[in-house]
Amino acid sequence: MSGTRKPRAAKNNAKPPKRVVAVPAEAAPIDAGARPAVAMPTPPLPAPAPIAAVPVPAAPPGLAHLPMPLLVLPMGLGGAGLAWRAAATTLGAPSFVGEALLLLTALAWLVLVGAQVLRGLRHPQAVLAETRHPVRVAFAAAPTIGLMILASAAFPYWPTLGATLWCIAVPLHLVFAMLLLRRLLAGRGEAAMLAPPLLIPFVGSILAPALGVRMGFVEASWMMFGVGLVMWLVLLPLLLHRLVAGPPLPGPMRPSLAIFLAPPAVGALALLELTGQASGFALALVGVALLVAATLLSLAREIAATPFSLSWWGVTFPSAAFTVMVLDFGFHPLLGWLALALNAALTIWVAWRTLRAARAGIFLRPEAA
């Protein structure tokens, strides 16, 4: 036969083409000169998993999540330092323990307050959100109470520095109390605000005369005592009504019930400084403090069952104030030693648990919803 023989057509080409999985060009670039691969049938692809199935934090760990309740830490350490300083005078306890605790308080105050200031500069929205919280807003006044304690710590060594710190701390504390009272009077308060930490900004001013009279601020101390006493008498029935009628306190906040001990104990110390006499209304407040302390001791098992949280720092300062009250009002030395030992044990345990949490980075993580 002459001519070129035509190739025989393949019968398989007559079949309908089978489905080919499309591959994105950026995932598998195709070489124009390469031989195409044989198409293979594939089963239907499963639907992609939803993105929500992968846990993704709302924000990465960092300074933005540093909790404001950490600001009460210097109050607890400083209260323990003042208790040991008083015990060195009345019981003959080692004086270096109290001075070391007060020095540690100064370092803790500088670190924590500095961290919150830096947080406010870098993450202002996070700080503003926390100040809008009905309970956490009360902790914004804790640094001023810590500064009052530092003023008392410094006064025996540097009287001018101690008096200056007191003059800075007291007006700032009143400003925080005024802003919170303004929020309540403007109708922007919530029932959840009626919790023991609310005593920090309002009743914290009762600590000023307990520390300021020895510095010469007698008139200002009387005014601060009036503010703290009136606000305590106003808030106490509201807080008790919340505990009776509800809503109940969240479980992690149960240790903060110890804050009820601070106003009568500190108030008794303030009157002792203002009047120079352990009599009259000062003894009446001592009686109230003894009643509250006995009630809290009866609840010790329930409170101890509460898992650790920062609300445990609410136990340290009130127990320290009660210890100083027992020492300054001349109770039996055995009771003074027992109160001092209990406060020391509580402060050490809470500080140890806080250090463990800090080393684990818990305070820099987003809180669970």
# chains A, B, ... in the order shown; residues from 1 in each chain; ligands from 1
>>> select_by_dssp(residues="stretch 145-358 of chain A", states="alpha helix (DSSP H)", output="VMD selection string")
chain A and resid 145 to 154 159 to 185 199 to 203 207 to 212 218 to 245 262 to 275 281 to 298 300 to 304 313 to 328 333 to 358
>>> residues_around(residues="A:Val203", least_positions_apart="6", cutoff="8 Å", atoms="only C-alpha atoms", output="list of chain:residue names")
A:Val227, A:Gly228, A:Leu229, A:Met231, A:Trp232, A:Pro263
>>> closest_residue(among="A:Phe96, A:Phe202, A:Trp222, A:Phe317", to="A:Val175", atoms="only C-alpha atoms")
A:Phe202
>>> residues_around(residues="stretch 146-159 of chain A", least_positions_apart="2", cutoff="7 Å", atoms="only C-alpha atoms", output="PyMOL selection string")
chain A and resi 74-75+78+102+106+142-144+161-163+165-166+169+208+211
>>> write_last_selection(atoms="N, CA, C and O atoms", output="short mmCIF file (atom, residue, chain, number, x, y, z; two decimals), in the first residue's frame")
data_model
loop_
_atom_site.label_atom_id
_atom_site.label_comp_id
_atom_site.auth_asym_id
_atom_site.auth_seq_id
_atom_site.Cartn_x
_atom_site.Cartn_y
_atom_site.Cartn_z
N PRO A 74 0.99 44.26 98.10
CA PRO A 74 1.74 45.07 99.07
C PRO A 74 0.97 45.35 100.35
O PRO A 74 1.58 45.54 101.40
N MET A 75 -0.37 45.39 100.29
CA MET A 75 -1.14 45.58 101.50
C MET A 75 -0.92 44.40 102.46
O MET A 75 -0.73 44.60 103.67
N GLY A 78 2.83 44.42 103.61
CA GLY A 78 3.07 45.56 104.49
C GLY A 78 2.37 45.42 105.82
O GLY A 78 2.92 45.80 106.87
N LEU A 102 8.86 44.93 105.32
CA LEU A 102 8.51 46.26 104.82
C LEU A 102 9.38 46.64 103.62
O LEU A 102 8.91 47.31 102.69
N ALA A 106 8.03 47.44 99.78
CA ALA A 106 8.39 48.56 98.90
C ALA A 106 8.76 48.06 97.50
O ALA A 106 8.34 48.64 96.49
N ALA A 142 -6.12 50.10 95.93
CA ALA A 142 -5.15 49.38 96.76
C ALA A 142 -3.76 50.02 96.77
O ALA A 142 -3.12 50.04 97.82
N PRO A 143 -3.25 50.56 95.65
CA PRO A 143 -1.91 51.16 95.70
C PRO A 143 -1.80 52.33 96.67
O PRO A 143 -0.74 52.54 97.26
N THR A 144 -2.87 53.09 96.85
CA THR A 144 -2.79 54.22 97.79
C THR A 144 -2.71 53.73 99.23
O THR A 144 -2.01 54.33 100.06
N LEU A 161 10.47 61.92 104.28
CA LEU A 161 9.99 61.03 103.22
C LEU A 161 8.68 60.38 103.63
O LEU A 161 7.73 60.30 102.83
N GLY A 162 8.60 59.89 104.86
CA GLY A 162 7.38 59.25 105.30
C GLY A 162 6.20 60.20 105.28
O GLY A 162 5.10 59.85 104.80
N ALA A 163 6.38 61.44 105.77
CA ALA A 163 5.30 62.41 105.77
C ALA A 163 4.89 62.79 104.35
O ALA A 163 3.71 62.98 104.05
N LEU A 165 5.13 60.88 101.63
CA LEU A 165 4.37 59.77 101.05
C LEU A 165 2.94 59.75 101.59
O LEU A 165 1.99 59.48 100.84
N TRP A 166 2.77 60.04 102.88
CA TRP A 166 1.42 60.07 103.45
C TRP A 166 0.59 61.17 102.80
O TRP A 166 -0.59 60.96 102.49
N ALA A 169 -0.43 59.88 99.38
CA ALA A 169 -1.33 58.73 99.37
C ALA A 169 -2.76 59.10 99.75
O ALA A 169 -3.72 58.63 99.14
N ALA A 208 -5.62 55.86 107.43
CA ALA A 208 -4.79 57.07 107.43
C ALA A 208 -4.51 57.59 108.83
O ALA A 208 -3.36 57.90 109.16
N LEU A 211 -1.94 55.71 111.00
CA LEU A 211 -0.54 55.89 110.63
C LEU A 211 -0.10 57.35 110.64
O LEU A 211 1.09 57.64 110.80
#
>>> residues_around(residues="A:Leu272", least_positions_apart="2", cutoff="12 Å", atoms="only C-alpha atoms", output="PyMOL selection string")
chain A and resi 209-211+213-214+222+225+265-270+274-286+324-325+328-330
>>> closest_atom_pairs(of="stretch 43-159 of chain A", to="stretch 346-359 of chain A", cutoff="8 Å", atoms="only C-alpha atoms", output="tab-separated table")
residue	atom	partner	partner_atom	distance
A:Gly76	CA	A:Thr347	CA	7.0
A:Leu77	CA	A:Thr347	CA	7.1
A:Ala80	CA	A:Thr347	CA	7.4
>>> residues_around(residues="A:Leu327", least_positions_apart="3", cutoff="7 Å", atoms="only C-alpha atoms", output="NGL selection string")
:A and (86-87 or 90 or 323-324 or 330-331 or 336)
